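Colleague: Sharing a structure below in structure tokens format, with a few things to ask.
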Amino acid sequence: MKKIVFTLFLLLLEITSSAQTDSTLFMKHLCQLNGVSNVTKINSSIYPEKYVFKIKQNVDGENDAKGTFNQRVIVGYRGEDRPTILVTEGYFANYALNPKYEEELAGLFNANLIVVEYRYFAESVPVHTNWDYMTVYNSLRDYHNIRQELGKIFKKKWISTGISKGGQTTMFYRATYPNDVDISVSYVAPLNKSVEDGRHEIFLSKLVGTKAERKAIKEAQKEFMRRKVRCMPYFKEYNQKNKLKYYLSEEDIYDYTVLEYPFAFWQWGNPISDIPSKDATDKQWFDYLMNIAGPDYFSAPNKFMPFDVQAARELGYYGYDTKPIKKWMSIKDTKGYLKKIMLPDSLRNIEFNPTLYNRTVEYLKKEDPKHIFIYGETDPWSASGVCTWLDCSKKKNMRIYVQPRGSHKARINNMPSDIKNEIIERISNWLK
């Protein structure tokens, strides 16, 4: 009996000790912030402490009468004496739960990390999804609220950053709340002027890569279409296997997949040498197309629909050049395709509002925040990036860096060494 009591005592002591270890001073401070709930410690091989929690946000900006929702946030803690990286994620934040995840800037500058999942994605969705409130302004208000609350703990300098849509969000956040952060770094961030911006088609047909490479891409598109009838059984099998449904016919979606191919090819930096030879089988050509530009992107409903709503409303998007394959297409034209393919009938009346674009352009031209923009030279999103029109030559702070032959994967760490060192030195000086 004494042995059992002693064993229970040791077990209780172990549990108590474990609880005291988990309840660190930082965690206690985190739990005391307004609106914060469900604070859970998660494993990390990078940060001494890492947590995921929810924070209560208004569905509609400052109007709390419209209801609230819980937004997911992941925080990696290194110390209150360190700078803090705020990742203005544009989509899901699942990746940040990985114990080995390390954001580039947080690693370079030994900083704390805050990753905020974008509203209406994954675990950050209101109970009643009213798409009227899926706006950029409301998302920026989310980030501002998090900055105000976490700023009670992290009092050193803040850097906001994001990739692609997240990079756009960093840009919009700085223009809307210019004093929330000290430094901003936008990676591969487009700034589109309309739903079908128009600059991407010109970029893909006349500017990207070499003339020979552009010709090879167009010839590949033609080959996909010449083989369409023979490839359709593979396409239907692919859709069935992956449980993909569409608002348009499978024949039409095949055409859109071929139209998407050049954009996807250059966006992710694929090699021309991977294009199958003319004597390759239909299955080899089909598998290659699926590997570069699979039709999952056009499926409906689709987990990226919150983005599609914003693209139609204020973020804008790109159009397609149909000339290389027009004679084989089953669709007559692609005008208004985003609404036809990506949105249900109930949301197809959304009209594009250029206010966000105009306001951001005006801010970037007039102001000079400590803001770095990073682009890839062959990334089609660069066609609508600020790198095409923003002149930083007379600005003291703002800088644009373009990775030679870089894709949508352009980052500080994979820049040429001289550019990488210049960026790191500039941010280091700003942090001092």
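Convention: chains lettered A, B, ... in structure tokens order; per-chain residue numbering from 1; ligands numbered from 1 as shown.
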Report the residues of segment 220-423 of chain A whose backbone DSSP state falls under helix (DSSP H, G or I), written as a ChimeraX atom specification.
Modeller: /A:220-226,228-241,250-267,272-274,282-293,295-298,305-315,323-328,337-342,345-347,355-366,380-384,386-388,417-423
Colleague: Keeping only C-alpha atoms, write the selected residues as an mmCIF file, in the first residue's frame.
Modeller:
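Result written to selection-v3.cif:
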data_model
loop_
_atom_site.group_PDB
_atom_site.id
_atom_site.type_symbol
_atom_site.label_atom_id
_atom_site.label_comp_id
_atom_site.auth_asym_id
_atom_site.auth_seq_id
_atom_site.Cartn_x
_atom_site.Cartn_y
_atom_site.Cartn_z
ATOM 1 C CA ALA A 220 3.488 22.680 -76.162
ATOM 2 C CA GLN A 221 0.077 24.333 -75.811
ATOM 3 C CA LYS A 222 -0.731 23.445 -79.412
ATOM 4 C CA GLU A 223 0.346 19.853 -78.826
ATOM 5 C CA PHE A 224 -1.911 19.547 -75.784
ATOM 6 C CA MET A 225 -4.827 20.687 -77.948
ATOM 7 C CA ARG A 226 -3.993 18.478 -80.939
ATOM 8 C CA LYS A 228 -7.261 16.791 -76.690
ATOM 9 C CA VAL A 229 -9.676 14.147 -78.017
ATOM 10 C CA ARG A 230 -7.261 11.356 -77.100
ATOM 11 C CA CYS A 231 -6.435 12.920 -73.740
ATOM 12 C CA MET A 232 -10.029 13.520 -72.621
ATOM 13 C CA PRO A 233 -10.478 9.952 -71.272
ATOM 14 C CA TYR A 234 -7.377 10.493 -69.109
ATOM 15 C CA PHE A 235 -8.754 13.873 -68.039
ATOM 16 C CA LYS A 236 -12.137 12.439 -67.022
ATOM 17 C CA GLU A 237 -10.431 9.619 -65.153
ATOM 18 C CA TYR A 238 -8.228 12.155 -63.350
ATOM 19 C CA ASN A 239 -11.284 14.184 -62.297
ATOM 20 C CA GLN A 240 -13.110 11.106 -61.078
ATOM 21 C CA LYS A 241 -10.126 9.818 -59.135
ATOM 22 C CA GLU A 250 -14.825 18.961 -68.597
ATOM 23 C CA GLU A 251 -14.077 19.812 -72.256
ATOM 24 C CA ASP A 252 -14.063 23.527 -71.384
ATOM 25 C CA ILE A 253 -11.967 22.979 -68.278
ATOM 26 C CA TYR A 254 -9.393 21.080 -70.346
ATOM 27 C CA ASP A 255 -9.047 24.203 -72.507
ATOM 28 C CA TYR A 256 -8.602 26.420 -69.458
ATOM 29 C CA THR A 257 -5.972 24.040 -68.096
ATOM 30 C CA VAL A 258 -3.984 24.414 -71.324
ATOM 31 C CA LEU A 259 -4.420 28.201 -71.160
ATOM 32 C CA GLU A 260 -3.174 28.161 -67.578
ATOM 33 C CA TYR A 261 -0.084 26.145 -68.515
ATOM 34 C CA PRO A 262 2.237 29.069 -69.528
ATOM 35 C CA PHE A 263 1.445 31.012 -66.355
ATOM 36 C CA ALA A 264 1.997 27.988 -64.113
ATOM 37 C CA PHE A 265 5.133 26.970 -66.022
ATOM 38 C CA TRP A 266 6.904 30.288 -65.457
ATOM 39 C CA GLN A 267 5.463 30.955 -62.018
ATOM 40 C CA ILE A 272 12.010 23.828 -70.846
ATOM 41 C CA SER A 273 13.855 20.513 -71.061
ATOM 42 C CA ASP A 274 10.965 18.799 -69.249
ATOM 43 C CA ASP A 282 -0.533 10.912 -75.175
ATOM 44 C CA LYS A 283 -0.312 9.721 -71.573
ATOM 45 C CA GLN A 284 3.140 11.244 -71.182
ATOM 46 C CA TRP A 285 1.889 14.583 -72.513
ATOM 47 C CA PHE A 286 -1.183 14.426 -70.289
ATOM 48 C CA ASP A 287 0.822 13.579 -67.146
ATOM 49 C CA TYR A 288 3.188 16.447 -67.894
ATOM 50 C CA LEU A 289 0.267 18.903 -68.167
ATOM 51 C CA MET A 290 -1.223 17.675 -64.894
ATOM 52 C CA ASN A 291 2.145 18.062 -63.193
ATOM 53 C CA ILE A 292 2.476 21.712 -64.280
ATOM 54 C CA ALA A 293 -1.114 22.961 -64.304
ATOM 55 C CA PRO A 295 -7.275 21.345 -63.004
ATOM 56 C CA ASP A 296 -7.746 21.205 -59.212
ATOM 57 C CA TYR A 297 -7.364 24.975 -59.409
ATOM 58 C CA PHE A 298 -10.676 25.213 -61.326
ATOM 59 C CA MET A 305 -12.947 30.492 -52.893
ATOM 60 C CA PRO A 306 -12.371 33.223 -50.252
ATOM 61 C CA PHE A 307 -9.488 34.424 -52.422
ATOM 62 C CA ASP A 308 -11.602 34.199 -55.583
ATOM 63 C CA VAL A 309 -14.201 36.457 -53.950
ATOM 64 C CA GLN A 310 -11.522 39.018 -53.119
ATOM 65 C CA ALA A 311 -9.966 38.747 -56.579
ATOM 66 C CA ALA A 312 -13.317 39.571 -58.163
ATOM 67 C CA ARG A 313 -14.022 42.353 -55.672
ATOM 68 C CA GLU A 314 -10.714 44.233 -55.227
ATOM 69 C CA LEU A 315 -7.495 42.199 -55.619
ATOM 70 C CA LYS A 323 -4.430 33.049 -79.807
ATOM 71 C CA PRO A 324 -2.039 30.029 -79.762
ATOM 72 C CA ILE A 325 -4.865 27.493 -79.338
ATOM 73 C CA LYS A 326 -8.024 29.330 -80.407
ATOM 74 C CA LYS A 327 -8.829 27.071 -83.391
ATOM 75 C CA TRP A 328 -8.981 23.982 -81.130
ATOM 76 C CA TYR A 337 -13.774 33.511 -66.692
ATOM 77 C CA LEU A 338 -12.949 34.001 -63.005
ATOM 78 C CA LYS A 339 -16.600 34.449 -62.041
ATOM 79 C CA LYS A 340 -17.816 31.724 -64.428
ATOM 80 C CA ILE A 341 -15.335 29.119 -63.193
ATOM 81 C CA MET A 342 -14.514 30.075 -59.606
ATOM 82 C CA ASP A 345 -24.193 31.915 -59.112
ATOM 83 C CA SER A 346 -24.938 33.737 -55.862
ATOM 84 C CA LEU A 347 -21.603 35.598 -56.004
ATOM 85 C CA THR A 355 -10.187 51.937 -54.836
ATOM 86 C CA LEU A 356 -7.676 49.612 -53.146
ATOM 87 C CA TYR A 357 -5.390 49.645 -56.179
ATOM 88 C CA ASN A 358 -5.544 53.430 -56.588
ATOM 89 C CA ARG A 359 -5.018 54.131 -52.894
ATOM 90 C CA THR A 360 -2.005 51.791 -52.690
ATOM 91 C CA VAL A 361 -0.376 53.260 -55.817
ATOM 92 C CA GLU A 362 -0.826 56.781 -54.441
ATOM 93 C CA TYR A 363 0.687 55.782 -51.095
ATOM 94 C CA LEU A 364 3.734 54.051 -52.581
ATOM 95 C CA LYS A 365 4.471 56.927 -54.939
ATOM 96 C CA LYS A 366 4.092 59.601 -52.273
ATOM 97 C CA PRO A 380 4.268 36.207 -64.281
ATOM 98 C CA TRP A 381 3.057 37.937 -61.114
ATOM 99 C CA SER A 382 5.955 40.350 -61.549
ATOM 100 C CA ALA A 383 4.139 41.700 -64.616
ATOM 101 C CA SER A 384 1.697 43.428 -62.262
ATOM 102 C CA VAL A 386 5.321 47.416 -58.284
ATOM 103 C CA CYS A 387 8.698 46.595 -59.878
ATOM 104 C CA THR A 388 7.180 47.580 -63.246
ATOM 105 C CA SER A 417 25.117 36.882 -52.798
ATOM 106 C CA ASP A 418 25.700 40.605 -53.398
ATOM 107 C CA ILE A 419 21.953 41.357 -53.433
ATOM 108 C CA LYS A 420 21.324 39.093 -50.434
ATOM 109 C CA ASN A 421 24.027 40.815 -48.413
ATOM 110 C CA GLU A 422 22.700 44.251 -49.357
ATOM 111 C CA ILE A 423 19.175 43.370 -48.211
#
Colleague: Report the residues of segment 200-424 of chain A whose backbone DSSP state falls under strand (DSSP E), written as number ranges by chain.
Modeller: A: 371-376, 399-403
Colleague: Using only C-alpha atoms for the distances, tell me which of A:Asn302, A:Ile331, A:Gly67, A:Ile350 is nearest to Ser249 of chain A.
Modeller: A:Ile331
Colleague: What separation in Å, quoted to one decimal, exists between atom CA of Glu62 of chain A and atom CA of Phe172 of chain A?
Modeller: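 So the two atoms, atom CA of Glu62 of chain A and atom CA of Phe172 of chain A, lie 17.8 Å apart.
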Colleague: Can you measure atom CA of Arg72 of chain A to atom CA of Ala93 of chain A for me? One decimal in Å is fine.
Modeller: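 Distance reported for this atom pair: 7.9 Å.
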Colleague: Rank nothing, just name the residue among A:Arg147, A:Leu343, A:Asn192, A:Thr161 nearest to Leu248 of chain A, using only C-alpha atoms.
Modeller: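 Among the listed residues, A:Leu343 lies closest to Leu248 of chain A.
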Colleague: Set the distance at 10 Å and use only C-alpha atoms: which residues neighbour Leu204 of chain A once local chain neighbours fewer than 2 positions away are removed? I'd like the list as an MDAnalysis selection string.
Modeller: chainID A and resid 199:202 206:209 214 217:218 262:263 266 320:321 378:380 383
Colleague: Tell me which protein, DNA and RNA residues are within 7 Å of segment 118-134 of chain A, counting only C-alpha atoms, leaving out same-chain ones fewer than 6 positions away, and put them as a short mmCIF file (atom, residue, chain, number, x, y, z; two decimals) with N, CA and C atoms, in the first residue's frame.
Modeller:
data_model
loop_
_atom_site.label_atom_id
_atom_site.label_comp_id
_atom_site.auth_asym_id
_atom_site.auth_seq_id
_atom_site.Cartn_x
_atom_site.Cartn_y
_atom_site.Cartn_z
N VAL A 59 -16.37 40.51 -37.23
CA VAL A 59 -16.60 40.09 -38.61
C VAL A 59 -16.53 41.29 -39.55
N ASP A 60 -17.04 42.43 -39.09
CA ASP A 60 -17.09 43.63 -39.92
C ASP A 60 -16.35 44.79 -39.27
N PHE A 69 -15.69 36.37 -34.78
CA PHE A 69 -15.19 35.04 -35.09
C PHE A 69 -13.82 34.88 -34.46
N ASN A 70 -13.35 33.66 -34.37
CA ASN A 70 -12.03 33.39 -33.79
C ASN A 70 -11.00 33.16 -34.89
N GLN A 71 -9.93 33.91 -34.84
CA GLN A 71 -8.87 33.81 -35.84
C GLN A 71 -7.68 33.06 -35.26
N ARG A 72 -7.12 32.15 -36.06
CA ARG A 72 -6.00 31.33 -35.59
C ARG A 72 -4.67 32.07 -35.74
N GLU A 89 -0.22 36.38 -43.48
CA GLU A 89 -0.58 35.28 -44.37
C GLU A 89 -1.82 35.63 -45.18
N GLY A 90 -1.83 35.20 -46.44
CA GLY A 90 -2.98 35.49 -47.29
C GLY A 90 -3.97 34.35 -47.39
N TYR A 91 -3.57 33.18 -46.86
CA TYR A 91 -4.43 32.00 -46.98
C TYR A 91 -4.45 31.24 -45.65
N PHE A 92 -4.08 29.94 -45.72
CA PHE A 92 -4.08 29.05 -44.56
C PHE A 92 -2.77 29.18 -43.78
N PRO A 306 -12.48 31.90 -50.89
CA PRO A 306 -12.37 33.22 -50.25
C PRO A 306 -11.45 34.16 -51.03
N GLN A 310 -12.31 37.78 -53.22
CA GLN A 310 -11.52 39.02 -53.12
C GLN A 310 -10.92 39.43 -54.46
#
Colleague: Give me the residues within 9 Å of Leu140 of chain A as JSON, numbers by chain, counting only C-alpha atoms and dropping any in the same chain fewer than 5 places off.
Modeller: {"A": [61, 88, 135, 145, 169, 172, 173, 176, 177]}
Colleague: Mind giving me the straight-line distance from atom CA of Ile55 of chain A to atom CA of Ser37 of chain A in Å, one decimal?
Modeller: 6.2 Å
Colleague: Show me, as a PyMOL selection string, the residues that have an atom within 10 Å of segment 25-34 of chain A when counting only C-alpha atoms, minus same-chain residues fewer than 4 positions from it.
Modeller: chain A and resi 21+38-41+49-51+53+55-56+75+77+79-80+145-146+148-150+152-153
